[in-house]
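Chemist: For reference, the file data-v2.cif (mmCIF, C-alpha atoms and all ligand atoms) is included below:
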data_structure
loop_
_atom_site.label_atom_id
_atom_site.label_comp_id
_atom_site.auth_asym_id
_atom_site.auth_seq_id
_atom_site.Cartn_x
_atom_site.Cartn_y
_atom_site.Cartn_z
CA MET B 1 131.18 68.60 14.03
CA ASN B 2 129.46 71.41 12.08
CA THR B 3 129.70 74.42 14.41
CA LYS B 4 127.99 77.02 12.21
CA VAL B 5 124.78 78.64 13.39
CA ILE B 6 122.93 81.28 11.39
CA VAL B 7 121.77 83.96 13.81
CA THR B 8 119.13 86.23 12.31
CA GLY B 9 119.18 89.55 14.16
CA GLY B 10 122.69 88.71 15.37
CA ALA B 11 123.65 92.39 15.41
CA GLY B 12 120.81 93.28 17.79
CA TYR B 13 120.70 93.45 21.57
CA VAL B 14 119.88 89.87 22.61
CA GLY B 15 121.21 88.40 19.34
CA SER B 16 124.68 89.88 19.76
CA HIS B 17 124.97 88.63 23.35
CA ALA B 18 123.85 85.18 22.11
CA CYS B 19 126.57 85.30 19.41
CA LYS B 20 129.19 86.01 22.06
CA ALA B 21 127.95 83.06 24.14
CA LEU B 22 127.85 80.81 21.05
CA ALA B 23 131.45 81.69 20.18
CA ALA B 24 132.54 81.03 23.78
CA ALA B 25 130.87 77.60 23.59
CA GLY B 26 132.74 76.66 20.40
CA TYR B 27 130.07 77.49 17.83
CA THR B 28 130.59 79.84 14.86
CA PRO B 29 127.75 82.37 14.75
CA VAL B 30 126.97 83.80 11.31
CA SER B 31 124.89 86.94 11.85
CA PHE B 32 122.21 87.66 9.26
CA ASP B 33 120.88 91.13 9.95
CA ASN B 34 119.46 94.00 7.90
CA LEU B 35 120.98 96.49 10.40
CA SER B 36 117.65 98.33 10.71
CA ASN B 37 117.93 98.12 14.50
CA GLY B 38 121.16 96.16 14.90
CA HIS B 39 124.69 97.58 14.71
CA ASP B 40 127.60 96.25 12.68
CA TRP B 41 129.93 96.84 15.67
CA ALA B 42 127.88 94.33 17.66
CA ALA B 43 128.40 91.49 15.16
CA LYS B 44 132.00 90.73 16.06
CA TRP B 45 131.76 87.07 17.09
CA GLY B 46 131.67 85.67 13.54
CA PRO B 47 130.83 86.82 10.01
CA LEU B 48 128.08 89.39 9.40
CA VAL B 49 125.90 88.93 6.32
CA VAL B 50 123.71 91.97 5.71
CA GLY B 51 120.33 90.73 4.54
CA ASP B 52 116.64 90.71 5.24
CA VAL B 53 114.31 87.89 6.30
CA LEU B 54 111.81 89.35 3.82
CA ASP B 55 114.20 88.35 1.01
CA PRO B 56 113.90 84.56 0.40
CA ALA B 57 116.81 84.58 -2.07
CA ALA B 58 119.10 86.17 0.53
CA LEU B 59 118.06 83.51 3.05
CA ASP B 60 118.75 80.72 0.53
CA ALA B 61 122.13 82.30 -0.24
CA VAL B 62 123.31 82.61 3.37
CA ILE B 63 122.24 79.05 4.14
CA ALA B 64 123.91 77.72 0.96
CA ALA B 65 127.11 79.63 1.68
CA HIS B 66 127.44 78.56 5.33
CA LYS B 67 125.57 75.22 5.54
CA PRO B 68 124.65 75.75 9.21
CA ALA B 69 123.86 73.02 11.71
CA ALA B 70 121.04 75.16 13.07
CA VAL B 71 119.43 78.58 13.16
CA MET B 72 118.75 81.06 15.96
CA HIS B 73 116.03 83.50 15.00
CA PHE B 74 116.00 86.94 16.65
CA ALA B 75 115.24 89.21 13.68
CA ALA B 76 111.94 90.93 14.44
CA LEU B 77 110.26 94.22 15.14
CA ILE B 78 109.90 94.47 18.92
CA GLU B 79 108.41 97.76 20.06
CA VAL B 80 104.95 97.10 21.47
CA GLY B 81 103.64 100.66 21.05
CA GLU B 82 104.72 100.73 17.39
CA SER B 83 102.96 97.40 16.83
CA VAL B 84 99.66 98.98 17.85
CA LYS B 85 100.16 101.83 15.36
CA ARG B 86 101.37 99.79 12.38
CA PRO B 87 100.54 96.09 12.88
CA GLU B 88 101.04 95.39 9.17
CA ASP B 89 104.80 95.95 9.52
CA PHE B 90 104.95 93.58 12.49
CA TYR B 91 102.99 90.80 10.76
CA ARG B 92 105.14 91.25 7.65
CA THR B 93 108.54 91.12 9.36
CA ASN B 94 107.75 88.80 12.25
CA VAL B 95 105.34 86.34 10.62
CA THR B 96 106.14 86.47 6.89
CA GLY B 97 109.86 86.83 7.70
CA THR B 98 109.75 83.70 9.85
CA LEU B 99 107.76 81.81 7.22
CA ASN B 100 110.45 82.73 4.67
CA LEU B 101 113.12 81.50 7.06
CA LEU B 102 111.39 78.18 7.79
CA GLU B 103 110.85 77.56 4.08
CA ALA B 104 114.50 78.35 3.31
CA MET B 105 115.58 75.98 6.11
CA SER B 106 113.25 73.33 4.75
CA ARG B 107 114.65 73.69 1.20
CA ALA B 108 118.17 73.25 2.56
CA GLY B 109 117.39 70.45 5.02
CA VAL B 110 118.21 72.50 8.14
CA ARG B 111 115.91 71.19 10.87
CA ASP B 112 116.81 72.87 14.17
CA ILE B 113 115.81 76.36 15.29
CA VAL B 114 115.88 78.36 18.51
CA PHE B 115 113.21 81.08 18.38
CA SER B 116 113.19 84.34 20.30
CA SER B 117 109.69 84.53 21.78
CA THR B 118 108.21 86.55 24.62
CA CYS B 119 106.33 86.08 27.88
CA ALA B 120 103.83 88.52 26.35
CA VAL B 121 102.31 85.58 24.44
CA HIS B 122 100.58 84.83 27.77
CA GLY B 123 99.03 88.29 28.08
CA ASP B 124 97.87 89.33 31.56
CA VAL B 125 97.68 86.40 33.99
CA GLY B 126 96.88 88.49 37.06
CA ASP B 127 99.24 87.91 39.99
CA ALA B 128 100.01 84.27 39.17
CA LEU B 129 103.52 83.25 38.15
CA ILE B 130 103.70 82.49 34.43
CA THR B 131 104.64 78.99 33.31
CA GLU B 132 104.90 77.37 29.90
CA THR B 133 101.38 75.98 30.35
CA SER B 134 99.76 79.34 31.16
CA PRO B 135 97.16 80.15 28.49
CA ILE B 136 98.36 81.74 25.25
CA ALA B 137 96.42 85.02 25.21
CA PRO B 138 98.53 87.78 23.66
CA ILE B 139 97.22 91.35 23.83
CA SER B 140 99.42 93.53 21.60
CA PRO B 141 99.96 92.98 17.87
CA TYR B 142 103.64 92.40 18.68
CA ALA B 143 102.83 89.55 21.08
CA LYS B 144 100.26 88.16 18.65
CA THR B 145 102.92 87.86 15.94
CA LYS B 146 105.13 85.87 18.34
CA ALA B 147 102.22 83.59 19.26
CA VAL B 148 101.45 83.02 15.56
CA VAL B 149 105.06 82.04 14.96
CA GLU B 150 105.00 79.58 17.87
CA GLY B 151 101.93 78.02 16.25
CA MET B 152 103.75 77.91 12.93
CA LEU B 153 106.72 76.15 14.54
CA ALA B 154 104.40 73.51 16.02
CA ASP B 155 102.77 72.95 12.62
CA PHE B 156 106.11 72.72 10.79
CA ALA B 157 107.32 70.30 13.46
CA ALA B 158 104.31 68.05 12.87
CA ALA B 159 104.34 68.32 9.07
CA HIS B 160 108.04 68.56 8.22
CA GLY B 161 110.02 67.22 11.18
CA LEU B 162 111.25 70.66 12.28
CA ASN B 163 112.77 70.72 15.78
CA ALA B 164 112.24 74.02 17.57
CA THR B 165 112.68 75.70 20.93
CA ALA B 166 110.70 78.85 21.72
CA LEU B 167 112.31 80.89 24.46
CA ARG B 168 109.81 83.22 26.09
CA TYR B 169 111.77 86.08 27.57
CA PHE B 170 110.67 88.24 30.42
CA ASN B 171 112.41 91.65 30.64
CA ALA B 172 115.77 91.31 28.90
CA SER B 173 118.09 93.81 30.55
CA GLY B 174 121.65 94.63 31.56
CA ALA B 175 124.72 94.50 29.36
CA ASP B 176 127.72 92.29 28.69
CA PRO B 177 129.75 92.22 31.95
CA ASP B 178 132.96 92.66 29.90
CA GLY B 179 131.58 95.92 28.51
CA GLU B 180 131.75 94.75 24.86
CA LEU B 181 128.01 94.86 24.12
CA GLY B 182 124.90 96.57 25.42
CA GLU B 183 121.46 97.89 24.66
CA ALA B 184 121.32 100.63 22.03
CA HIS B 185 117.81 101.21 20.75
CA ASP B 186 116.85 104.46 19.08
CA PRO B 187 114.49 105.77 20.27
CA GLU B 188 114.77 104.04 23.64
CA SER B 189 111.56 102.91 25.33
CA HIS B 190 112.76 100.49 28.02
CA LEU B 191 112.88 101.35 31.68
CA ILE B 192 116.50 100.65 32.67
CA PRO B 193 118.18 102.36 29.67
CA ILE B 194 115.90 105.38 30.10
CA ALA B 195 116.78 105.60 33.80
CA CYS B 196 120.50 105.33 32.93
CA GLN B 197 120.09 108.16 30.41
CA ALA B 198 118.37 110.25 33.09
CA ALA B 199 121.20 109.49 35.55
CA LEU B 200 123.71 110.61 32.91
CA GLY B 201 121.82 113.88 32.43
CA GLN B 202 120.99 112.92 28.81
CA ARG B 203 117.32 113.59 29.55
CA ALA B 204 115.79 116.06 31.98
CA GLY B 205 114.10 113.32 34.00
CA MET B 206 111.72 110.48 33.44
CA PHE B 207 108.22 109.21 34.05
CA ILE B 208 106.68 106.35 35.96
CA TYR B 209 103.67 105.17 33.99
CA GLY B 210 101.11 104.58 36.72
CA ASP B 211 101.47 104.32 40.50
CA ASP B 212 97.93 103.11 41.18
CA TYR B 213 98.29 99.43 40.32
CA ALA B 214 97.32 96.78 42.87
CA THR B 215 100.99 95.97 43.52
CA PRO B 216 103.06 96.46 46.71
CA ASP B 217 104.18 100.02 45.84
CA GLY B 218 101.57 100.81 43.17
CA THR B 219 103.98 100.54 40.22
CA CYS B 220 104.18 97.67 37.72
CA VAL B 221 106.11 94.55 38.64
CA ARG B 222 108.33 92.86 36.06
CA ASP B 223 110.85 90.01 36.00
CA TYR B 224 114.22 91.40 34.85
CA ILE B 225 116.55 88.83 33.33
CA HIS B 226 120.17 89.61 32.52
CA VAL B 227 120.84 89.44 28.78
CA SER B 228 123.92 87.25 29.38
CA ASP B 229 121.76 84.77 31.28
CA LEU B 230 119.40 84.76 28.30
CA ALA B 231 122.37 84.17 25.99
CA THR B 232 123.46 81.16 28.06
CA ALA B 233 119.94 79.72 27.87
CA HIS B 234 120.06 79.97 24.06
CA VAL B 235 123.26 77.94 23.93
CA LYS B 236 121.78 75.30 26.24
CA ALA B 237 118.62 75.16 24.12
CA LEU B 238 120.75 74.72 20.99
CA ASP B 239 122.86 71.98 22.60
CA ARG B 240 119.65 70.17 23.51
CA LEU B 241 118.25 70.48 19.98
CA LEU B 242 121.45 69.17 18.42
CA ALA B 243 121.46 66.30 20.92
CA GLY B 244 118.13 65.15 19.51
CA GLN B 245 115.24 67.14 20.97
CA ALA B 246 112.27 66.53 18.69
CA GLY B 247 109.25 68.74 18.00
CA LEU B 248 108.54 72.08 19.68
CA GLU B 249 109.49 72.93 23.27
CA ALA B 250 108.86 76.24 25.02
CA PHE B 251 110.65 77.68 28.05
CA CYS B 252 109.95 80.73 30.21
CA LEU B 253 113.16 82.64 30.83
CA GLY B 254 113.11 85.08 33.69
CA GLY B 255 114.95 85.61 36.92
CA GLY B 256 111.89 84.37 38.81
CA VAL B 257 111.79 87.52 40.95
CA GLY B 258 109.27 90.37 40.74
CA THR B 259 110.70 93.92 40.79
CA SER B 260 108.68 97.13 40.74
CA VAL B 261 109.40 100.21 38.62
CA ARG B 262 110.23 102.12 41.81
CA GLN B 263 112.69 99.43 42.91
CA VAL B 264 114.42 99.67 39.52
CA LEU B 265 114.71 103.46 39.77
CA ASP B 266 116.04 103.21 43.35
CA SER B 267 118.68 100.76 42.10
CA VAL B 268 119.72 103.03 39.22
CA LYS B 269 120.08 105.96 41.63
CA ARG B 270 122.04 103.81 44.09
CA VAL B 271 124.39 102.30 41.49
CA SER B 272 124.99 105.54 39.56
CA GLY B 273 125.12 107.81 42.61
CA ALA B 274 123.04 110.30 40.58
CA ASP B 275 119.64 111.71 41.42
CA PHE B 276 117.15 112.63 38.69
CA ASP B 277 113.62 113.90 38.42
CA VAL B 278 110.84 111.29 38.32
CA GLN B 279 107.22 112.21 37.67
CA ILE B 280 104.10 110.11 37.75
CA GLN B 281 102.17 109.81 34.49
CA PRO B 282 98.97 107.92 33.69
CA ARG B 283 99.23 104.21 33.03
CA ARG B 284 100.77 103.20 29.69
CA PRO B 285 98.12 101.42 27.58
CA GLY B 286 98.61 97.66 27.47
CA ASP B 287 100.83 97.36 30.57
CA ALA B 288 99.95 94.34 32.75
CA PRO B 289 100.33 95.00 36.50
CA MET B 290 102.60 92.02 37.09
CA LEU B 291 104.60 89.61 34.87
CA VAL B 292 106.85 87.17 36.70
CA ALA B 293 108.18 83.79 35.57
CA ASN B 294 108.20 80.41 37.15
CA VAL B 295 111.51 79.18 35.72
CA GLY B 296 111.29 75.62 37.02
CA LYS B 297 111.13 74.00 33.58
CA ALA B 298 114.18 75.86 32.23
CA GLN B 299 116.07 74.94 35.38
CA SER B 300 115.23 71.26 35.32
CA VAL B 301 115.16 70.55 31.56
CA LEU B 302 117.82 72.96 30.27
CA ASN B 303 119.87 72.83 33.48
CA TRP B 304 119.91 76.64 33.34
CA THR B 305 120.02 78.99 36.30
CA PRO B 306 120.18 82.77 36.02
CA GLU B 307 123.47 83.88 37.51
CA ARG B 308 123.58 87.62 36.83
CA SER B 309 119.97 88.59 37.34
CA ASP B 310 120.26 90.20 40.75
CA LEU B 311 118.79 93.69 40.22
CA ASP B 312 121.92 95.63 41.18
CA VAL B 313 124.09 93.42 38.92
CA ILE B 314 121.73 94.06 36.00
CA VAL B 315 121.70 97.79 36.68
CA GLU B 316 125.47 97.97 37.25
CA THR B 317 126.26 96.33 33.89
CA ALA B 318 123.68 98.53 32.12
CA TRP B 319 125.04 101.63 33.86
CA ASN B 320 128.66 100.81 32.92
CA TRP B 321 127.60 100.33 29.30
CA HIS B 322 125.65 103.59 29.08
CA LYS B 323 128.51 105.46 30.76
CA SER B 324 131.03 104.05 28.26
CA GLN B 325 128.75 104.99 25.35
CA ALA B 326 128.40 108.54 26.64
CA LYS B 327 132.20 108.88 26.65
CA ALA B 328 132.65 107.31 23.19
N1 LIG V 401 108.16 102.24 32.47
C1 LIG V 401 108.07 103.46 33.13
N2 LIG V 401 108.74 104.54 32.59
C2 LIG V 401 109.47 104.45 31.44
C3 LIG V 401 109.56 103.20 30.78
C4 LIG V 401 108.90 102.11 31.33
O1 LIG V 401 107.40 103.58 34.17
O2 LIG V 401 110.02 105.47 31.00
C5 LIG V 401 107.49 101.07 33.06
C6 LIG V 401 106.49 100.41 32.12
O3 LIG V 401 105.23 101.02 32.24
C7 LIG V 401 106.52 98.96 32.63
C8 LIG V 401 107.95 98.78 33.15
O4 LIG V 401 108.48 100.10 33.32
O5 LIG V 401 105.64 98.82 33.72
C9 LIG V 401 108.84 98.03 32.18
O6 LIG V 401 108.70 98.62 30.91
P1 LIG V 401 109.64 98.27 29.68
O7 LIG V 401 109.18 99.10 28.52
O8 LIG V 401 111.08 98.38 30.07
O9 LIG V 401 109.37 96.72 29.42
P2 LIG V 401 107.99 95.91 29.17
O10 LIG V 401 107.65 95.28 30.48
O11 LIG V 401 106.96 96.88 28.68
O12 LIG V 401 108.39 94.91 28.14
#
Since I need it in another form, could you write the structure as structure tokens?
Ligand code: UDP
Modeler:
Amino acid sequence: MNTKVIVTGGAGYVGSHACKALAAAGYTPVSFDNLSNGHDWAAKWGPLVVGDVLDPAALDAVIAAHKPAAVMHFAALIEVGESVKRPEDFYRTNVTGTLNLLEAMSRAGVRDIVFSSTCAVHGDVGDALITETSPIAPISPYAKTKAVVEGMLADFAAAHGLNATALRYFNASGADPDGELGEAHDPESHLIPIACQAALGQRAGMFIYGDDYATPDGTCVRDYIHVSDLATAHVKALDRLLAGQAGLEAFCLGGGVGTSVRQVLDSVKRVSGADFDVQIQPRRPGDAPMLVANVGKAQSVLNWTPERSDLDVIVETAWNWHKSQAKA
């Protein structure tokens, strides 16, 4: 059996955890990453090819050299606030980059792809749980690029026989329980890493963006999903594709539990044993009050259940990672 899988963005946060899970499942991940946000130390589960999805020749070369059975596509710009300021970069990397990849796959006869999408393609659904059939109504340029790509996958499936799975993540969080990988964005914008940095004294304190939402404690509610649970879902989605799934399928991947910003900060203080200053700021533009998944389809079709997405487990693994990085 051909075990090779090209993983674009394999040196990034979710991509590197997926590579570890792929290797554990007997696949050979080949990371293709331009290292703009990824780290070469994170690509240790198979070869790393440094290259850019905006370079069609580099895509042709990596596919020709490794002849993969399938592709996992993580390479993208991801910071929502940046996407509002410079949408052109997001459309270029996320949409044109994916078009380049699909065309390179098509030229080489590679037909199966797992795509890293986002629950943000659904926009703000109020206080309903989000399912795969919730309307597609992205708000930010970032989320719009992901929705465009999902549309592109559907069209390539119909026209060219592409088989694709779009995995719509909720809040990817936590770190490898073995301490080998973790989240390392620069600058950091996500809640749990920022709280860990505050607990380590690496920042003077932190802000809660809005405590006047119509939620139980006034702060935003999100669905935090452990990155290793996400990685497992990618392997299951790939297994299903290689077993003959046809066309495009989408799955919502969350823990299925809503957690407020205050609950996250309480957990970080509890797990770390450190107190830090927290101040209330105005709402952050574009934040929906509540985003929580109904994960019934992923459970029944992919046979996937989140196993590490209890809040304190997520925070403990993130905390251990940030502590180890502070010592390094
Ligand atoms: N948040 C916050 N302070 C921070 C960072 C984030 O209050 O320093 C809030 C943010 O407004 C959102 C939640 O934490 O309601 C999760 O934000 P994050 O950026 O981690 O993920 P998002 O849900 O935006 O993808």
Chemist: Considering all atoms listed in the file, can you say which of B:Arg283, B:Arg308, B:Lys269, B:Arg240 comes closest to B:Gly254?
Modeler: B:Arg308
Chemist: Near B:Ala164, within 7 Å and counting only C-alpha atoms, which residues show up once chain neighbours fewer than 4 positions away are dropped, as a PyMOL selection string?
Modeler: chain B and resi 112-114+153+247-249
Chemist: Between B:Gln279, B:Thr305, B:Asn294, B:Ser228, which is the closest to ligand LIG 401 (chain V) once you count all atoms listed in the file?
Modeler: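 So, comparing all the options, the nearest one is B:Gln279.
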Chemist: Hey, which bits of stretch 65-169 of chain B sit within 12 Å of stretch 9-27 of chain B, and for each residue what's the closest pair of atoms and how far apart in Å (one decimal), counting only C-alpha atoms, rows by chain and increasing number, as a Markdown table?
Modeler:
| residue | atom | partner | partner_atom | distance |
| --- | --- | --- | --- | --- |
| B:Pro68 | CA | B:Tyr27 | CA | 10.3 |
| B:Ala69 | CA | B:Tyr27 | CA | 9.8 |
| B:Ala70 | CA | B:Tyr27 | CA | 10.5 |
| B:Val71 | CA | B:Gly10 | CA | 10.9 |
| B:Met72 | CA | B:Gly15 | CA | 8.4 |
| B:His73 | CA | B:Gly9 | CA | 6.9 |
| B:Phe74 | CA | B:Gly9 | CA | 4.8 |
| B:Ala75 | CA | B:Gly9 | CA | 4.0 |
| B:Ala76 | CA | B:Gly9 | CA | 7.4 |
| B:Leu77 | CA | B:Gly9 | CA | 10.1 |
| B:Ile78 | CA | B:Gly12 | CA | 11.0 |
| B:Thr93 | CA | B:Gly9 | CA | 11.8 |
| B:Asn94 | CA | B:Gly9 | CA | 11.6 |
| B:Gly97 | CA | B:Gly9 | CA | 11.7 |
| B:Thr98 | CA | B:Gly9 | CA | 11.9 |
| B:Val114 | CA | B:Ala18 | CA | 11.1 |
| B:Phe115 | CA | B:Gly15 | CA | 10.9 |
| B:Ser116 | CA | B:Val14 | CA | 9.0 |
| B:Ser117 | CA | B:Val14 | CA | 11.5 |
| B:Leu167 | CA | B:Val14 | CA | 11.9 |
| B:Tyr169 | CA | B:Val14 | CA | 10.2 |
Chemist: Please put the answer as JSON: centre and edge lengths, in Å with one decimal, of a box along x, y and z that encloses all listed atoms of stretch 43-54 of chain B plus 4 Å on each side.
Modeler:
{"center_x": 121.9, "center_y": 88.8, "center_z": 10.5, "size_x": 28.2, "size_y": 14.3, "size_z": 21.3}
Chemist: Let me see if you get this right: every residue at most 8 Å from ligand LIG 401 (chain V), counting all atoms listed in the file, written as an NGL selection string.
Modeler: :B and (80 or 170-171 or 189-192 or 194-195 or 206-210 or 219-222 or 260-261 or 283-284 or 287-289 or 291)
Chemist: Let's have the selection written as a PDB file, in the frame of the given file, with C-alpha atoms.
Modeler:
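As written to disk, part13.pdb reads:
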ATOM      1  CA  VAL B  80     104.950  97.100  21.470  1.00  0.00           C
ATOM      2  CA  PHE B 170     110.670  88.240  30.420  1.00  0.00           C
ATOM      3  CA  ASN B 171     112.410  91.650  30.640  1.00  0.00           C
ATOM      4  CA  SER B 189     111.560 102.910  25.330  1.00  0.00           C
ATOM      5  CA  HIS B 190     112.760 100.490  28.020  1.00  0.00           C
ATOM      6  CA  LEU B 191     112.880 101.350  31.680  1.00  0.00           C
ATOM      7  CA  ILE B 192     116.500 100.650  32.670  1.00  0.00           C
ATOM      8  CA  ILE B 194     115.900 105.380  30.100  1.00  0.00           C
ATOM      9  CA  ALA B 195     116.780 105.600  33.800  1.00  0.00           C
ATOM     10  CA  MET B 206     111.720 110.480  33.440  1.00  0.00           C
ATOM     11  CA  PHE B 207     108.220 109.210  34.050  1.00  0.00           C
ATOM     12  CA  ILE B 208     106.680 106.350  35.960  1.00  0.00           C
ATOM     13  CA  TYR B 209     103.670 105.170  33.990  1.00  0.00           C
ATOM     14  CA  GLY B 210     101.110 104.580  36.720  1.00  0.00           C
ATOM     15  CA  THR B 219     103.980 100.540  40.220  1.00  0.00           C
ATOM     16  CA  CYS B 220     104.180  97.670  37.720  1.00  0.00           C
ATOM     17  CA  VAL B 221     106.110  94.550  38.640  1.00  0.00           C
ATOM     18  CA  ARG B 222     108.330  92.860  36.060  1.00  0.00           C
ATOM     19  CA  SER B 260     108.680  97.130  40.740  1.00  0.00           C
ATOM     20  CA  VAL B 261     109.400 100.210  38.620  1.00  0.00           C
ATOM     21  CA  ARG B 283      99.230 104.210  33.030  1.00  0.00           C
ATOM     22  CA  ARG B 284     100.770 103.200  29.690  1.00  0.00           C
ATOM     23  CA  ASP B 287     100.830  97.360  30.570  1.00  0.00           C
ATOM     24  CA  ALA B 288      99.950  94.340  32.750  1.00  0.00           C
ATOM     25  CA  PRO B 289     100.330  95.000  36.500  1.00  0.00           C
ATOM     26  CA  LEU B 291     104.600  89.610  34.870  1.00  0.00           C
TER      27      LEU B 291
END
Chemist: Do a neighbour search on B:Pro193 at 12 Å with all atoms listed in the file, toss out local chain neighbours closer than 4 positions, and write the hits as a PyMOL selection string.
Modeler: chain B and resi 172-175+182-189+197-200+202-203+206+264-265+268+314-323+325
Chemist: At a cut-off of 9 Å, using only C-alpha atoms, what residues contact B:Ser267? Leave out same-chain residues fewer than 4 positions from it and give the result as a VMD selection string.
Modeler: chain B and resid 262 to 263 271 to 272 311 to 312 315 to 316
Chemist: Any idea what the distance is between atom CA of B:Cys252 and atom CA of B:Ala166?
Modeler: 8.7 Å
Chemist: How far is it from atom CA of B:Gly218 to atom CA of B:Asp127, in Å with one decimal?
Modeler: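 Going from atom CA of B:Gly218 over to atom CA of B:Asp127, I get 13.5 Å.
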Chemist: With distances taken over all atoms listed in the file, which of B:Gly51, B:Pro216, B:Pro135, B:Gly286 is nearest to B:Thr259?
Modeler: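 Nearest to B:Thr259: B:Pro216.
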Chemist: Could you check which of B:Pro56, B:Gly273, B:Gly256, B:Gly179 is closest to B:Ser309, using all atoms listed in the file?
Modeler: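 Under the stated criterion, the closest residue is B:Gly256.
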Chemist: To one decimal place in Å, what is the distance between atom CA of B:Val30 and atom CA of B:Gly46?
Modeler: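 Interatomic distance, atom CA of B:Val30 to atom CA of B:Gly46: 5.5 Å.
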Chemist: Give me the residues near B:Pro141 as a PyMOL selection string, where near means some atom within 8 Å (using all atoms listed in the file) and where sequence neighbours in that chain fewer than 3 positions away do not count.
Modeler: chain B and resi 80+83-84+87+90+138+144-145
Chemist: Would you mind telling me which residue in B:Arg168, B:Gly109, B:Leu241, B:Gln281 lies nearest to B:Thr133 when using only C-alpha atoms?
Modeler: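 Selected residue with least distance to B:Thr133: B:Arg168.
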Chemist: Please tell me which residues are no farther than 6 Å from (112.0, 88.0, 38.2) in the file, counting all atoms listed in the file, and write them as a ChimeraX atom specification.
Modeler: /B:223-224,254-258,292
Chemist: Take the residues that were just selected and, keeping C-alpha atoms, output them as a PDB file, keeping the file's coordinate frame.
Modeler:
ATOM      1  CA  ASP B 223     110.850  90.010  36.000  1.00  0.00           C
ATOM      2  CA  TYR B 224     114.220  91.400  34.850  1.00  0.00           C
ATOM      3  CA  GLY B 254     113.110  85.080  33.690  1.00  0.00           C
ATOM      4  CA  GLY B 255     114.950  85.610  36.920  1.00  0.00           C
ATOM      5  CA  GLY B 256     111.890  84.370  38.810  1.00  0.00           C
ATOM      6  CA  VAL B 257     111.790  87.520  40.950  1.00  0.00           C
ATOM      7  CA  GLY B 258     109.270  90.370  40.740  1.00  0.00           C
ATOM      8  CA  VAL B 292     106.850  87.170  36.700  1.00  0.00           C
TER       9      VAL B 292
END
Chemist: Give me the residues near B:His160 as an mmCIF file with C-alpha atoms, in the frame of the given file, where near means some atom within 10 Å (using only C-alpha atoms) and where sequence neighbours in that chain fewer than 3 positions away do not count.
Modeler:
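This went into result.cif:
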data_model
loop_
_atom_site.group_PDB
_atom_site.id
_atom_site.type_symbol
_atom_site.label_atom_id
_atom_site.label_comp_id
_atom_site.auth_asym_id
_atom_site.auth_seq_id
_atom_site.Cartn_x
_atom_site.Cartn_y
_atom_site.Cartn_z
ATOM 1 C CA SER B 106 113.250 73.330 4.750
ATOM 2 C CA ARG B 111 115.910 71.190 10.870
ATOM 3 C CA LEU B 153 106.720 76.150 14.540
ATOM 4 C CA ALA B 154 104.400 73.510 16.020
ATOM 5 C CA ASP B 155 102.770 72.950 12.620
ATOM 6 C CA PHE B 156 106.110 72.720 10.790
ATOM 7 C CA ALA B 157 107.320 70.300 13.460
ATOM 8 C CA ASN B 163 112.770 70.720 15.780
ATOM 9 C CA GLY B 247 109.250 68.740 18.000
#
Chemist: Which of these, B:Ala120, B:Ala274, B:Thr96, B:Leu302, has the shortest distance to B:Val235 once you count only C-alpha atoms?
Modeler: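 Closest to B:Val235, using only C-alpha atoms: B:Leu302.
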Chemist: Could you add whatever atoms are missing so that stretch 234-241 of chain B carries N, CA, C and O atoms, then write the result as a compact mmCIF listing (two decimals), in the coordinates of the input?
Modeler:
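Written output follows (result.txt):
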# COMPACT_ATOMS: atom_id res chain seq x y z
N HIS B 234 120.13 80.29 25.49
CA HIS B 234 120.06 79.97 24.06
C HIS B 234 121.05 78.88 23.69
O HIS B 234 120.75 77.99 22.89
N VAL B 235 122.25 78.96 24.24
CA VAL B 235 123.26 77.94 23.93
C VAL B 235 122.80 76.59 24.47
O VAL B 235 122.91 75.56 23.79
N LYS B 236 122.24 76.58 25.66
CA LYS B 236 121.78 75.30 26.24
C LYS B 236 120.61 74.74 25.42
O LYS B 236 120.52 73.52 25.22
N ALA B 237 119.74 75.62 24.96
CA ALA B 237 118.62 75.16 24.12
C ALA B 237 119.14 74.58 22.81
O ALA B 237 118.64 73.56 22.33
N LEU B 238 120.16 75.21 22.24
CA LEU B 238 120.75 74.72 20.99
C LEU B 238 121.42 73.37 21.22
O LEU B 238 121.23 72.42 20.43
N ASP B 239 122.20 73.27 22.29
CA ASP B 239 122.86 71.98 22.60
C ASP B 239 121.81 70.88 22.67
O ASP B 239 122.01 69.78 22.16
N ARG B 240 120.70 71.18 23.31
CA ARG B 240 119.65 70.17 23.51
C ARG B 240 119.01 69.78 22.17
O ARG B 240 118.74 68.61 21.92
N LEU B 241 118.80 70.78 21.31
CA LEU B 241 118.25 70.48 19.98
C LEU B 241 119.20 69.57 19.20
O LEU B 241 118.78 68.58 18.61
